[in-house]
Structure formats: structure tokens, C-alpha cells
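J.: Okay, so here is run.cif, and as you'll see once you scroll down, it has mmCIF, C-alpha atoms.
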data_data
loop_
_atom_site.label_atom_id
_atom_site.label_comp_id
_atom_site.auth_asym_id
_atom_site.auth_seq_id
_atom_site.Cartn_x
_atom_site.Cartn_y
_atom_site.Cartn_z
CA MET A 1 92.65 98.89 92.26
CA ARG A 2 94.50 101.78 93.88
CA LEU A 3 92.17 104.67 94.73
CA ALA A 4 93.36 108.12 95.79
CA SER A 5 91.87 111.50 96.68
CA TYR A 6 93.57 114.69 95.57
CA LEU A 7 93.24 118.40 94.89
CA ARG A 8 92.97 119.60 91.30
CA ASN A 9 92.90 123.40 90.89
CA GLY A 10 91.80 123.69 94.50
CA THR A 11 88.89 121.24 94.08
CA ARG A 12 88.67 117.78 95.64
CA HIS A 13 88.77 114.89 93.20
CA TYR A 14 89.35 111.17 93.45
CA GLY A 15 90.61 108.66 90.97
CA ALA A 16 92.28 105.38 90.14
CA VAL A 17 96.07 105.29 90.16
CA VAL A 18 97.44 103.70 86.98
CA GLY A 19 101.21 103.56 86.75
CA THR A 20 102.54 107.05 87.41
CA GLY A 21 99.23 108.72 86.57
CA ILE A 22 95.67 108.97 87.81
CA VAL A 23 92.37 108.48 85.98
CA ASP A 24 89.88 111.10 87.21
CA LEU A 25 86.79 109.31 88.54
CA THR A 26 85.17 112.51 89.78
CA ARG A 27 84.74 113.59 86.17
CA ARG A 28 83.55 110.18 84.98
CA ILE A 29 81.24 108.91 87.74
CA GLY A 30 81.09 111.83 90.18
CA ARG A 31 77.36 112.37 89.68
CA ASP A 32 76.64 108.99 91.28
CA PHE A 33 79.68 108.81 93.54
CA PRO A 34 80.81 112.36 94.44
CA ASP A 35 83.80 111.25 96.52
CA LEU A 36 85.68 108.14 97.49
CA LYS A 37 83.70 107.73 100.70
CA ALA A 38 80.47 107.69 98.67
CA LEU A 39 81.93 105.17 96.23
CA ILE A 40 82.78 102.88 99.14
CA ALA A 41 79.38 103.28 100.78
CA ARG A 42 77.40 102.73 97.57
CA GLU A 43 79.48 99.76 96.41
CA GLY A 44 80.71 101.63 93.35
CA LEU A 45 83.85 99.60 92.67
CA SER A 46 82.38 97.94 89.56
CA ALA A 47 81.40 101.33 88.17
CA ALA A 48 84.93 102.59 88.82
CA ARG A 49 86.43 99.64 86.95
CA GLU A 50 84.17 100.24 83.96
CA ALA A 51 85.02 103.95 84.00
CA ILE A 52 88.78 103.41 83.81
CA ALA A 53 88.74 100.54 81.31
CA GLY A 54 90.96 101.49 78.37
CA GLN A 55 91.48 105.03 79.71
CA ALA A 56 94.83 106.76 79.74
CA PRO A 57 95.64 108.72 82.94
CA ASP A 58 94.28 112.25 83.04
CA HIS A 59 97.06 113.63 85.24
CA LEU A 60 100.52 112.76 86.45
CA LEU A 61 100.31 111.63 90.04
CA ALA A 62 103.39 113.70 90.90
CA ASP A 63 101.53 116.89 89.89
CA MET A 64 98.63 116.30 92.28
CA VAL A 65 98.27 117.36 95.92
CA LEU A 66 97.29 114.08 97.56
CA LEU A 67 94.77 114.02 100.41
CA PRO A 68 94.12 111.19 102.85
CA PRO A 69 92.19 108.73 100.67
CA VAL A 70 89.05 109.16 102.79
CA ASP A 71 89.51 112.70 104.05
CA THR A 72 86.26 112.87 106.03
CA PRO A 73 85.96 109.54 107.87
CA GLU A 74 83.32 109.39 110.55
CA LYS A 75 85.72 107.44 112.75
CA LEU A 76 89.49 107.08 112.74
CA TRP A 77 90.25 104.42 115.33
CA CYS A 78 93.84 103.81 116.44
CA ILE A 79 95.13 100.68 118.16
CA GLY A 80 98.08 100.85 120.53
CA VAL A 81 100.58 98.19 121.66
CA ASN A 82 99.55 95.56 119.09
CA TYR A 83 102.78 93.97 117.81
CA MET A 84 104.70 91.35 119.74
CA ASP A 85 107.45 92.90 121.91
CA ARG A 86 105.66 96.27 122.06
CA ASN A 87 104.40 95.64 125.60
CA ALA A 88 107.97 94.91 126.72
CA GLU A 89 109.09 98.34 125.43
CA TYR A 90 107.23 99.96 128.32
CA LYS A 91 109.44 98.14 130.86
CA ASP A 92 106.64 98.08 133.45
CA ASN A 93 106.50 94.30 133.97
CA SER A 94 102.85 94.27 132.94
CA ASP A 95 101.09 91.21 131.54
CA LEU A 96 100.21 91.02 127.86
CA PRO A 97 96.97 92.92 127.23
CA LYS A 98 93.68 91.00 127.14
CA PHE A 99 91.99 93.69 125.04
CA PRO A 100 93.28 96.26 122.54
CA SER A 101 94.38 99.71 123.64
CA LEU A 102 92.24 102.21 121.76
CA PHE A 103 92.12 105.92 121.02
CA VAL A 104 90.78 108.15 118.26
CA ARG A 105 92.20 110.80 115.97
CA ASN A 106 90.55 113.74 114.25
CA ALA A 107 90.68 114.07 110.49
CA SER A 108 92.53 117.39 110.87
CA SER A 109 95.46 115.60 112.53
CA VAL A 110 96.54 113.86 109.30
CA VAL A 111 97.63 114.99 105.84
CA GLY A 112 98.08 113.09 102.58
CA ALA A 113 101.18 111.57 101.07
CA GLY A 114 103.80 114.08 99.99
CA GLN A 115 102.38 116.83 102.19
CA PRO A 116 104.41 118.19 105.12
CA ILE A 117 103.75 117.01 108.64
CA GLU A 118 104.31 119.59 111.36
CA LYS A 119 106.47 119.59 114.45
CA PRO A 120 104.41 121.70 116.85
CA LYS A 121 105.74 124.88 118.44
CA VAL A 122 105.08 123.63 121.95
CA SER A 123 107.10 120.40 121.82
CA ASP A 124 110.34 118.91 120.51
CA GLN A 125 109.02 115.36 120.94
CA LEU A 126 107.33 114.62 117.60
CA ASP A 127 107.64 110.89 116.93
CA TYR A 128 106.80 108.56 114.02
CA GLU A 129 104.67 105.38 114.10
CA GLY A 130 104.30 103.43 110.85
CA GLU A 131 101.04 101.47 110.61
CA LEU A 132 98.76 99.54 108.29
CA VAL A 133 95.22 100.91 108.12
CA ILE A 134 92.00 98.98 107.49
CA VAL A 135 89.33 100.86 105.52
CA ILE A 136 85.79 99.67 106.26
CA GLY A 137 83.59 98.96 103.24
CA LYS A 138 80.45 97.28 104.53
CA PRO A 139 78.70 98.68 107.63
CA GLY A 140 78.01 96.52 110.63
CA ARG A 141 77.44 96.15 114.35
CA HIS A 142 78.20 93.02 116.39
CA ILE A 143 80.14 91.60 113.44
CA PRO A 144 81.16 87.97 114.00
CA ARG A 145 84.90 87.48 113.67
CA GLN A 146 84.47 84.93 110.88
CA GLN A 147 82.58 87.54 108.84
CA ALA A 148 84.94 90.44 109.55
CA TRP A 149 87.04 90.08 106.39
CA SER A 150 84.02 90.84 104.18
CA HIS A 151 83.70 94.26 105.85
CA ILE A 152 87.16 95.44 104.69
CA PHE A 153 87.17 97.58 101.54
CA GLY A 154 90.94 97.86 101.40
CA ILE A 155 94.17 98.83 103.11
CA THR A 156 96.25 101.99 103.27
CA LEU A 157 99.20 103.27 105.34
CA CYS A 158 99.61 105.71 108.21
CA ASN A 159 102.36 107.60 109.98
CA GLU A 160 100.54 107.91 113.28
CA GLY A 161 102.61 110.89 114.41
CA SER A 162 102.68 111.37 118.18
CA VAL A 163 103.73 114.29 120.37
CA ARG A 164 105.15 112.26 123.22
CA ASP A 165 105.21 114.72 126.12
CA TRP A 166 101.58 115.66 125.42
CA LEU A 167 100.57 111.97 125.60
CA ARG A 168 101.15 112.21 129.36
CA HIS A 169 99.07 115.32 130.06
CA GLY A 170 96.04 113.27 131.03
CA LYS A 171 95.89 110.51 133.63
CA PHE A 172 93.90 108.03 131.54
CA ASN A 173 94.20 109.10 127.90
CA VAL A 174 96.64 110.01 125.15
CA THR A 175 94.23 112.07 123.05
CA GLN A 176 96.11 115.36 123.25
CA GLY A 177 99.38 114.00 121.95
CA LYS A 178 97.66 112.13 119.12
CA ASN A 179 95.63 115.01 117.67
CA PHE A 180 97.92 117.92 116.88
CA ASP A 181 96.90 119.36 113.52
CA ARG A 182 98.89 117.87 110.61
CA SER A 183 101.07 115.77 112.92
CA GLY A 184 100.51 112.52 111.00
CA SER A 185 99.62 111.25 107.55
CA ILE A 186 97.52 108.63 105.73
CA GLY A 187 97.91 107.37 102.18
CA PRO A 188 99.05 107.43 99.50
CA TRP A 189 95.99 105.46 98.32
CA ILE A 190 93.70 102.58 99.25
CA VAL A 191 94.51 99.23 97.68
CA THR A 192 91.22 97.36 97.39
CA SER A 193 90.77 93.98 99.05
CA ASP A 194 90.25 92.13 95.77
CA GLU A 195 93.82 93.05 94.77
CA CYS A 196 95.46 92.98 98.22
CA ASP A 197 93.98 90.30 100.45
CA PRO A 198 93.69 91.81 103.95
CA ARG A 199 94.37 88.39 105.47
CA GLY A 200 97.98 89.01 104.51
CA PRO A 201 100.58 88.57 105.70
CA HIS A 202 101.60 92.20 105.24
CA ASP A 203 105.00 93.67 105.96
CA ILE A 204 105.49 97.13 107.45
CA VAL A 205 108.69 99.22 107.39
CA THR A 206 109.34 102.76 108.66
CA ARG A 207 112.39 104.72 107.53
CA VAL A 208 113.64 108.12 108.69
CA ASN A 209 116.00 109.76 106.22
CA GLY A 210 116.48 106.35 104.62
CA GLU A 211 117.38 104.55 107.87
CA ILE A 212 115.13 101.64 108.83
CA ARG A 213 113.65 102.28 112.28
CA GLN A 214 110.70 99.87 112.33
CA GLN A 215 110.18 96.55 110.55
CA ASP A 216 107.63 93.82 111.23
CA THR A 217 104.79 91.74 109.79
CA THR A 218 101.10 91.31 110.54
CA GLU A 219 101.84 87.68 111.43
CA ARG A 220 103.04 89.11 114.76
CA LEU A 221 99.93 91.13 115.62
CA MET A 222 98.48 90.35 119.03
CA PHE A 223 95.03 91.46 117.85
CA PRO A 224 94.63 90.67 114.12
CA PHE A 225 92.45 92.63 111.71
CA ASP A 226 89.41 90.36 112.04
CA PHE A 227 89.58 90.49 115.84
CA LEU A 228 89.72 94.30 115.80
CA ILE A 229 86.65 94.58 113.57
CA ALA A 230 84.67 92.16 115.72
CA TYR A 231 85.77 93.92 118.93
CA LEU A 232 85.11 97.49 117.82
CA SER A 233 81.74 96.63 116.36
CA ILE A 234 80.54 95.37 119.75
CA PHE A 235 80.15 98.97 120.93
CA ALA A 236 80.16 101.07 117.74
CA THR A 237 78.61 100.66 114.32
CA LEU A 238 81.40 100.51 111.75
CA LYS A 239 80.53 102.56 108.68
CA PRO A 240 81.93 102.79 105.14
CA GLY A 241 85.05 104.91 105.08
CA ASP A 242 85.85 104.39 108.77
CA MET A 243 89.52 103.61 109.27
CA ILE A 244 91.37 101.51 111.82
CA ALA A 245 95.10 102.16 112.28
CA THR A 246 96.19 98.75 113.49
CA GLY A 247 99.25 99.53 115.63
CA THR A 248 102.94 100.23 115.20
CA PRO A 249 105.94 97.88 115.60
CA THR A 250 108.82 98.38 117.99
CA GLY A 251 111.41 101.03 117.16
CA ALA A 252 109.66 104.38 117.55
CA GLY A 253 111.96 107.30 118.30
CA ALA A 254 110.95 107.45 121.95
CA ARG A 255 112.41 103.97 122.53
CA PHE A 256 116.01 104.94 121.68
CA ASP A 257 118.48 106.11 124.32
CA PRO A 258 118.61 109.02 123.91
CA PRO A 259 115.27 109.43 122.09
CA ARG A 260 115.43 110.27 118.41
CA TRP A 261 112.72 112.86 117.83
CA LEU A 262 111.71 114.08 114.40
CA LYS A 263 112.98 117.51 113.40
CA PRO A 264 112.30 119.85 110.48
CA GLY A 265 113.92 118.52 107.32
CA ASP A 266 113.52 114.85 108.23
CA VAL A 267 111.73 112.58 105.76
CA VAL A 268 109.58 109.73 107.06
CA GLU A 269 108.63 106.81 104.80
CA VAL A 270 106.15 104.09 105.76
CA GLU A 271 106.13 101.17 103.31
CA SER A 272 104.34 97.90 102.78
CA SER A 273 105.36 95.93 99.71
CA ARG A 274 101.82 95.20 98.49
CA ILE A 275 100.54 98.73 99.11
CA GLY A 276 103.25 101.30 98.41
CA VAL A 277 105.14 104.07 100.17
CA LEU A 278 103.73 106.89 102.31
CA ARG A 279 106.35 109.64 102.30
CA ASN A 280 106.25 112.96 104.19
CA ALA A 281 108.78 115.61 105.12
CA VAL A 282 108.74 117.30 108.52
CA VAL A 283 108.40 121.07 108.83
CA ALA A 284 108.14 123.41 111.79
CA GLU A 285 104.73 124.79 112.68
CA THR A 286 104.56 128.45 111.63
#
Kindly transcribe the structure held in the file into C-alpha cells.
T.:
Amino acid sequence: MRLASYLRNGTRHYGAVVGTGIVDLTRRIGRDFPDLKALIAREGLSAAREAIAGQAPDHLLADMVLLPPVDTPEKLWCIGVNYMDRNAEYKDNSDLPKFPSLFVRNASSVVGAGQPIEKPKVSDQLDYEGELVIVIGKPGRHIPRQQAWSHIFGITLCNEGSVRDWLRHGKFNVTQGKNFDRSGSIGPWIVTSDECDPRGPHDIVTRVNGEIRQQDTTERLMFPFDFLIAYLSIFATLKPGDMIATGTPTGAGARFDPPRWLKPGDVVEVESSRIGVLRNAVVAET
């Protein structure tokens, strides 16, 4: 099932994507599951299936303002330097990492599919990073790696937009450059694990104005999905609706010579063949 959150007449709704339309689940089961995060937490997938059975879409997907599928996650973890060859991009002769690089993003730093991402006023170094995102379904702490797969509700996509010069403002963190309002995106929907096995393999492609910039597969992750869940849950309880952006392949704009920064008018597409396409245009911050 593909599950999306969206605005309808200024009100938040969620629903199941069917073809080019969406079946409104807020109207059908919203009393028990008021939003997608609640549906995940209360194991409402069976109720959602029953609610959409035999139903025609209520709205055209193209007419909706899409939000990040879970627009109020408690935690949005982001993993850095996780695909093979990414460490070499830094050209610092460092050994391969023993543990994942980790930072967090605020919910206000991402928009939904089809919504504009913003190049900030204070920088010309907005960059793209296409990523696969794990959505946690079952809560847990100290999750054994062999049990990690059962904690994944589904997968979505992310353009983990980065403001590169602001990544270097702090000595030990990249938080500033990763949290500009509306600098990245998540979506367009979550594909549930029963229809898209998180074990994969999953491809990931990033295009800018139709040109392929990044292309890889989860078979080349240094820290696979199950490892990340086990590792993160050592120190933090993972909760339903939490998201883990699992890292970007080589080929970000900063790695070109000269760098190829995003500018207003550019269109960024992040695609995985079993999930869909996350597409956003770039605009200037007003």
C-alpha cells in the first residue's frame, strides 16, 4: 500500500494512493486513526485495507498539496557517508568508518513532493542528496539486528538538501547546514513493507533537470538498514513514525569541479523503482 499525507482545503488528511488518485482515509477511519502517524502506531494497516476495498479514489493526486508522509516525526535521523566510495570523496586518506555518521533534522526543514524547496538568502551552496528513508512501525530499544526488519513499517524517499558552507560553521557538527527551513523534501508516500520488502535490494537515482547525478543500490551500503536500527536503538527508543534517512551515494553537487550548486528553477528528482519519484523545484527564499 502507498500511504500519503496531504492538504485538502487547508486541512491535513491522509490516504491510500490508488493509480493517479487517492482514497481519503481521514474521512473513513479518522476517528480511530486521526493521522498517518497514529495509523502506524496503532497498527491500523488492516483497517486501512478494509476501508479502501472497492473504493474509487476521492481526489486526483495531482490536485493535492502533498506533505511529508509523517509530517510530525518525533525523530528524523540522518546517516552520512554510508555508500561505498563516499569516504573516498572526502580525499582525507581516512580509514573506512567503524560506526555510522549521524545527525538530525527538524521537521520544518523538509517539504512534501511537488512543493518548492528553498535556496536560502545567505548561501549559494544549496546541494542535493537523494536517499532512501526507513519509517519505523514498531517501537523498540536495544533491538537485536536479526529482529530489526520487523520494526520497519515502510520506505519513502528524501532529498536531504544541504547548505554546504553552513555545514562547516561548527567544529564537530553539521546541524546548521542540514536544518534550513524547507531546504529538503520527503515523500511522495510510504510504500509499506508488505508490498516493498525493505531487505531490498533497492536502487536510488538522483536527477537534476533530467541529468543523472547519483545512482547506486542498497547492496553497496556500508551500514545496512538492519544494522542502523540495531545501532540507533542502543541509545534511543525508536518510535512509530520515526524516520531514518539512510545516506546518499556519490555524486552530490559539491563533489564536482567546479561544484554544481542548485539554483532557482532547477528540478530535483529522487527515484527508486519500487517506491516512486520525489520531485521538487528549487525557488529562492523570499
J.: Hey, what comes out of the PyMOL selection byres ((chain A and resi 200-211) around 10) on this file? Could you write it as a ChimeraX atom specification?
T.: /A:128-132,157,159,196-199,212-220,225,248-249,251-253,262,265-275,277-281
J.: Enumerate, in order of chain and increasing residue number, the residues of range 186-227 of chain A with an atom no farther than 8 Å from range 64-85 of chain A, each with its shortest atom pair and distance in Å to one decimal, counting only C-alpha atoms, as CSV.
T.:
residue,atom,partner,partner_atom,distance
A:Ile186,CA,A:Pro68,CA,5.1
A:Gly187,CA,A:Pro68,CA,5.4
A:Pro188,CA,A:Pro68,CA,7.0
A:Trp189,CA,A:Pro69,CA,5.5
A:Ile190,CA,A:Pro69,CA,6.5
A:Thr218,CA,A:Tyr83,CA,7.9
A:Arg220,CA,A:Met84,CA,5.7
A:Leu221,CA,A:Tyr83,CA,4.6
A:Met222,CA,A:Asn82,CA,5.3
A:Phe223,CA,A:Asn82,CA,6.2
J.: Store the residues of this selection in a file with C-alpha atoms, as a tab-separated table (two decimals), in the coordinates of the input.
T.:
chain	number	residue	atom	x	y	z
A	186	ILE	CA	97.52	108.63	105.73
A	187	GLY	CA	97.91	107.37	102.18
A	188	PRO	CA	99.05	107.43	99.50
A	189	TRP	CA	95.99	105.46	98.32
A	190	ILE	CA	93.70	102.58	99.25
A	218	THR	CA	101.10	91.31	110.54
A	220	ARG	CA	103.04	89.11	114.76
A	221	LEU	CA	99.93	91.13	115.62
A	222	MET	CA	98.48	90.35	119.03
A	223	PHE	CA	95.03	91.46	117.85
J.: Please measure the separation of CA of Ile244 in chain A and CA of Ala16 in chain A, giving the value in Å to one decimal.
T.: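 Between CA of Ile244 in chain A and CA of Ala16 in chain A the gap works out to 22.0 Å.
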J.: Kindly give the distance, in Å, that separates CA of Ala148 in chain A and CA of Asp226 in chain A, rounded to a single decimal.
T.: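 Between these atoms lies a distance of 5.1 Å.
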J.: Any chance you could resolve the PyMOL selection byres ((chain A and resi 123) around 9) against this file and give the residues as a tab-separated table (two decimals) with C-alpha atoms, in the coordinates of the input?
T.:
chain	number	residue	atom	x	y	z
A	119	LYS	CA	106.47	119.59	114.45
A	120	PRO	CA	104.41	121.70	116.85
A	121	LYS	CA	105.74	124.88	118.44
A	122	VAL	CA	105.08	123.63	121.95
A	124	ASP	CA	110.34	118.91	120.51
A	125	GLN	CA	109.02	115.36	120.94
A	126	LEU	CA	107.33	114.62	117.60
A	163	VAL	CA	103.73	114.29	120.37
A	164	ARG	CA	105.15	112.26	123.22
A	165	ASP	CA	105.21	114.72	126.12
A	166	TRP	CA	101.58	115.66	125.42
J.: Report the distance between CA of Ile136 in chain A and CA of Leu232 in chain A in Å, rounded to one decimal place.
T.: 11.8 Å
J.: What does the PyMOL selection byres ((chain A and resi 145) around 8) select in this file, as a list in words?
T.: Ile143, Pro144, Gln146, Gln147, Ala148, Asp226, Phe227, Ile229 and Ala230 of chain A
J.: Give me, as a PDB file with C-alpha atoms, in the frame of the given file, all polymer residues having an atom no more than 8 Å from Leu238 in chain A, counting only C-alpha atoms and skipping those fewer than 3 positions away in the same chain.
T.:
ATOM      1  CA  ILE A 136      85.790  99.670 106.260  1.00  0.00           C
ATOM      2  CA  LYS A 138      80.450  97.280 104.530  1.00  0.00           C
ATOM      3  CA  PRO A 139      78.700  98.680 107.630  1.00  0.00           C
ATOM      4  CA  GLY A 140      78.010  96.520 110.630  1.00  0.00           C
ATOM      5  CA  ARG A 141      77.440  96.150 114.350  1.00  0.00           C
ATOM      6  CA  LEU A 232      85.110  97.490 117.820  1.00  0.00           C
ATOM      7  CA  SER A 233      81.740  96.630 116.360  1.00  0.00           C
ATOM      8  CA  ASP A 242      85.850 104.390 108.770  1.00  0.00           C
TER       9      ASP A 242
END
J.: Do you know which residues are at most 8 Å from Gly15 in chain A counting only C-alpha atoms, after dropping those on the same chain fewer than 5 positions away, and could you put them as a ChimeraX atom specification?
T.: /A:3-5,22-26
J.: Could you name the residues that touch Ile155 in chain A at 6 Å or less, counting all atoms listed in the file, but leaving out those on the same chain fewer than 4 positions away, as a compact mmCIF listing (two decimals) with C-alpha atoms, in the coordinates of the input?
T.:
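And here is the file that came out, result_19.txt:
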# COMPACT_ATOMS: atom_id res chain seq x y z
CA VAL A 133 95.22 100.91 108.12
CA ILE A 134 92.00 98.98 107.49
CA VAL A 135 89.33 100.86 105.52
CA ILE A 190 93.70 102.58 99.25
CA VAL A 191 94.51 99.23 97.68
